[in-house]
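Undergrad: Encoded as structure tokens, here's the structure I'll be asking about.
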Amino acid sequence: MPDDLGKRIYVKSVLSYYLSRTVQKNLSYKKYRVDSKLQYFKPNFQKIEKSFSDEISFSLNQDLKYIHPKFFYDKKGSELFEKICNLPEYYPTRTEISILKKLKDELPRYFDGSFRLVELGSGSSVKTRLILDILTQNQEKIEYFPIDISEILTESSALLQRDYKHLNITGIVDTYECGLEFLKNYDDKRNLIIFLGSSFGNFTTDEGKEFLNKINSTMKEDDLFLIGLDLVKNKMILENAYNDSQGVTAQFNLNVLSRINDELDADFNLKNFAHYAIYNENAQRIEMYLKSLVNQSVIISKANFSLTLKKNELIHTEHSHKYTLFQIHELMNQTEFIIKNIWLDQNDHFALILVSKTSKF
Ligand SMILES: C[S@@+](CC[C@H](N)C(=O)[O-])C[C@H]1O[C@@H](n2cnc3c(N)ncnc32)[C@H](O)[C@@H]1O
């Protein structure tokens with residue numbers, strides 16, 4: 001190797017090591033090393049508790065009260081979400097899996113080298129396995145960076161590691177945004193970023209564009225981004241998916257109040273609330289709420305906050321936007337992505353979109 005090339009590689013790797021340490025330091029992560037192939041970064045506990053308490057007291061103090069959907073995912077919430085994925089009415093999971101299964105031969109066409117797999121909202125990492133199976137056709141070793149706000153990440157990573165011997169996992173237990181900050185300038189390796197489950201649909205239109213811009217600015221020229229989006233469809237199919245007959249989605253929605261009770265020392269009486277989910281056709285989104293069944297007041301001790309609710313008053317907990325193909329093209333265009341391919345299921349219910357920053361491929 002020529003001397004100055006070696007020097008440049010050395011300087012670059014020291015710089016990228018320094019930058020990644022700086023990001024980790026600024027975001028005040030603690031590193032947990034399980035073994036040589038599995039490590040996690042987690043923010044400190046005080047930071048998490050403070051932000052939960054601050055955000056909840058702010059959002060429940062608005063005229064239109066809301067709770068951010070990221071707070072659904074404590075241990076119980078993540079377990080309930082896994083149950084939702086297996087419900088007969090909840091078509092998104094099995095539909096997206098059916099598309100992923102079709103990509104075994106097609107996706108590798110876009111891979112002209114090795115990629116690290118980065119997953120936003122990795123959850124149980126069940127779908128991840130299908131992507132790992134595709135990547136292992138081309139590369140022997142794979143680095144995987146799951147990013148998830150829930151501790152479920154640690155369990156699913158351990159299971160993945162058991163089943164994929166050549167996998168190196170670095171988990172970031174934090175929000176998507178902080179995970180992307182962590183990744184930015186981490187090193188020179190190419191990333192395939194995936195964001196599945198139509199979780200993107202939780203963002204409002206403006207937030208969604210801002211988020212895509214953030215992903216775009218995190219990506220290097222030859223990185224790829226694969227996103228799963230739910231499509232506009234029959235209202236009954238949509239409303240049934242969020243109002244299942246076994247009441248699991250209702251439990252999932254109400255569980256956020258149990259979480260506030262447990263972690264912020266609050267006295268929400270769950271019997272005084274009902275799950276309410278409707279499809280707003282104009283806004284093209286499922287809107288999920290907790291409806292107050294009585295006039296009531298609630299104290300959230302650790303947030304130093306008390307809340308009054310009128311009978312039938314709603315607390316908004318989730319949006320789940322649905323898209324048309326035209327809107328997907330528009331969205332990617334506006335956020336300076338180039339669509340490499342869009343794959344649909346046989347009923348046109350769900351779309352997987354592969355994009356890049358440049359037209360290189
Ligand atoms: C709807 S689930 C999807 C899980 C999986 N990707 C799938 O497709 O089945 C959303 C996942 O993202 C995580 N999550 C939700 N909001 C988040 C946020 N703001 N930042 C990081 N993770 C988040 C949740 O813990 C959960 O595991």
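Residue numbering restarts at 1 in every chain; chains get A, B, ... in the order shown in the structure tokens, and ligands count up from 1 in that same order.
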Please identify all protein, DNA and RNA residues within 9 Å of ligand 1, counting only C-alpha atoms and all ligand atoms, and report them as number ranges by chain.
TA: A: 68-74, 77-78, 81-82, 85, 92-93, 96-97, 119-128, 147-153, 173-179, 194-200, 202, 228
Undergrad: Within 10 Å of range 287-297 of chain A, which residues of range 43-98 of chain A show up? Give each one with its shortest atom-to-atom distance in Å (one decimal) and the two atoms involved, counting only C-alpha atoms, rows by chain then rising residue number, as a tab-separated table.
TA:
```
residue	atom	partner	partner_atom	distance
A:Lys65	CA	A:Tyr289	CA	9.7
A:Tyr66	CA	A:Tyr289	CA	8.4
A:Ile67	CA	A:Tyr289	CA	9.3
A:Pro69	CA	A:Met288	CA	9.9
```
Undergrad: Rounded to one decimal in Å, what is the spacing between CA of Phe305 in chain A and CA of Asn61 in chain A?
TA: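 These two atoms are separated by 8.9 Å.
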Undergrad: Mind checking DSSP for range 18-147 of chain A and telling me the helix (DSSP H, G or I) residues as number ranges by chain?
TA: A: 18-26, 45-59, 69-72, 75-85, 91-102, 107-110, 126-135
Undergrad: Can you write just those residues out, C-alpha atoms, as an mmCIF file, in the first residue's frame?
TA:
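Here's the written file result-v6.cif:
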```cif
data_model
loop_
_atom_site.group_PDB
_atom_site.id
_atom_site.type_symbol
_atom_site.label_atom_id
_atom_site.label_comp_id
_atom_site.auth_asym_id
_atom_site.auth_seq_id
_atom_site.Cartn_x
_atom_site.Cartn_y
_atom_site.Cartn_z
ATOM 1 C CA TYR A 18 -13.190 10.331 17.166
ATOM 2 C CA LEU A 19 -16.434 11.572 15.579
ATOM 3 C CA SER A 20 -18.378 8.497 16.572
ATOM 4 C CA ARG A 21 -17.074 8.745 20.151
ATOM 5 C CA THR A 22 -18.023 12.444 20.169
ATOM 6 C CA VAL A 23 -21.569 11.666 19.009
ATOM 7 C CA GLN A 24 -21.876 8.898 21.561
ATOM 8 C CA LYS A 25 -20.519 11.230 24.262
ATOM 9 C CA ASN A 26 -22.783 14.115 23.311
ATOM 10 C CA PHE A 45 -32.003 6.438 32.749
ATOM 11 C CA GLN A 46 -32.433 9.970 34.184
ATOM 12 C CA LYS A 47 -32.506 11.396 30.655
ATOM 13 C CA ILE A 48 -35.257 8.960 29.606
ATOM 14 C CA GLU A 49 -37.403 9.526 32.694
ATOM 15 C CA LYS A 50 -37.087 13.303 32.452
ATOM 16 C CA SER A 51 -38.009 13.410 28.790
ATOM 17 C CA PHE A 52 -41.010 11.088 29.360
ATOM 18 C CA SER A 53 -42.282 13.260 32.193
ATOM 19 C CA ASP A 54 -41.663 16.570 30.352
ATOM 20 C CA GLU A 55 -43.257 15.377 27.132
ATOM 21 C CA ILE A 56 -46.318 13.910 28.830
ATOM 22 C CA SER A 57 -47.019 16.983 30.957
ATOM 23 C CA PHE A 58 -46.653 19.152 27.847
ATOM 24 C CA SER A 59 -48.801 17.058 25.506
ATOM 25 C CA PRO A 69 -46.988 7.016 19.949
ATOM 26 C CA LYS A 70 -43.353 6.245 20.797
ATOM 27 C CA PHE A 71 -44.523 5.899 24.417
ATOM 28 C CA PHE A 72 -46.630 2.820 23.541
ATOM 29 C CA LYS A 75 -42.194 -4.095 27.664
ATOM 30 C CA LYS A 76 -45.914 -4.829 27.781
ATOM 31 C CA GLY A 77 -46.626 -2.499 24.823
ATOM 32 C CA SER A 78 -44.014 -4.227 22.666
ATOM 33 C CA GLU A 79 -45.491 -7.627 23.570
ATOM 34 C CA LEU A 80 -48.971 -6.406 22.670
ATOM 35 C CA PHE A 81 -47.710 -5.066 19.357
ATOM 36 C CA GLU A 82 -46.321 -8.512 18.517
ATOM 37 C CA LYS A 83 -49.791 -9.950 19.227
ATOM 38 C CA ILE A 84 -51.356 -7.337 16.949
ATOM 39 C CA CYS A 85 -49.046 -8.450 14.126
ATOM 40 C CA TYR A 91 -53.068 -7.199 7.297
ATOM 41 C CA PRO A 92 -49.912 -4.947 7.247
ATOM 42 C CA THR A 93 -47.445 -7.405 8.801
ATOM 43 C CA ARG A 94 -48.276 -10.479 6.725
ATOM 44 C CA THR A 95 -48.668 -8.362 3.594
ATOM 45 C CA GLU A 96 -45.281 -6.699 3.961
ATOM 46 C CA ILE A 97 -43.713 -10.097 4.681
ATOM 47 C CA SER A 98 -45.277 -11.493 1.501
ATOM 48 C CA ILE A 99 -43.559 -8.720 -0.500
ATOM 49 C CA LEU A 100 -40.213 -9.194 1.278
ATOM 50 C CA LYS A 101 -40.315 -12.882 0.381
ATOM 51 C CA LYS A 102 -40.591 -11.952 -3.292
ATOM 52 C CA LEU A 107 -33.157 -6.898 -4.271
ATOM 53 C CA PRO A 108 -29.584 -8.192 -4.797
ATOM 54 C CA ARG A 109 -29.649 -6.542 -8.249
ATOM 55 C CA TYR A 110 -29.236 -3.232 -6.447
ATOM 56 C CA VAL A 126 -38.780 -10.847 12.411
ATOM 57 C CA LYS A 127 -38.806 -9.121 9.016
ATOM 58 C CA THR A 128 -35.090 -8.360 9.423
ATOM 59 C CA ARG A 129 -34.394 -12.047 8.951
ATOM 60 C CA LEU A 130 -35.717 -11.932 5.402
ATOM 61 C CA ILE A 131 -33.361 -9.054 4.564
ATOM 62 C CA LEU A 132 -30.435 -10.773 6.282
ATOM 63 C CA ASP A 133 -31.127 -13.883 4.205
ATOM 64 C CA ILE A 134 -30.927 -11.731 1.079
ATOM 65 C CA LEU A 135 -27.739 -9.953 2.159
#
```
Undergrad: Using only C-alpha atoms, determine which residues lie at most 6 Å from Asn341 in chain A, disregarding the query and same-chain residues fewer than 2 positions distant; provide the list as a list of chain:residue names.
TA: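 Non-adjacent residues within range: A:Ile339, A:Ile353, A:Leu354.
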Undergrad: Got a sec: who's within 9 Å of range 164-168 of chain A, counting only C-alpha atoms, leaving out chain neighbours fewer than 6 positions off, as an MDAnalysis selection string?
TA: chainID A and resid 36:39 132 140:145
Undergrad: Can you list, as a count of residues only, every residue of range 139-290 of chain A that DSSP puts in strand (DSSP E or B)?
TA: 40
Undergrad: Do a neighbour search on Glu221 in chain A at 10 Å with only C-alpha atoms, toss out local chain neighbours closer than 2 positions, and write the hits as number ranges by chain.
TA: A: 190, 216-219, 223-224, 356-360
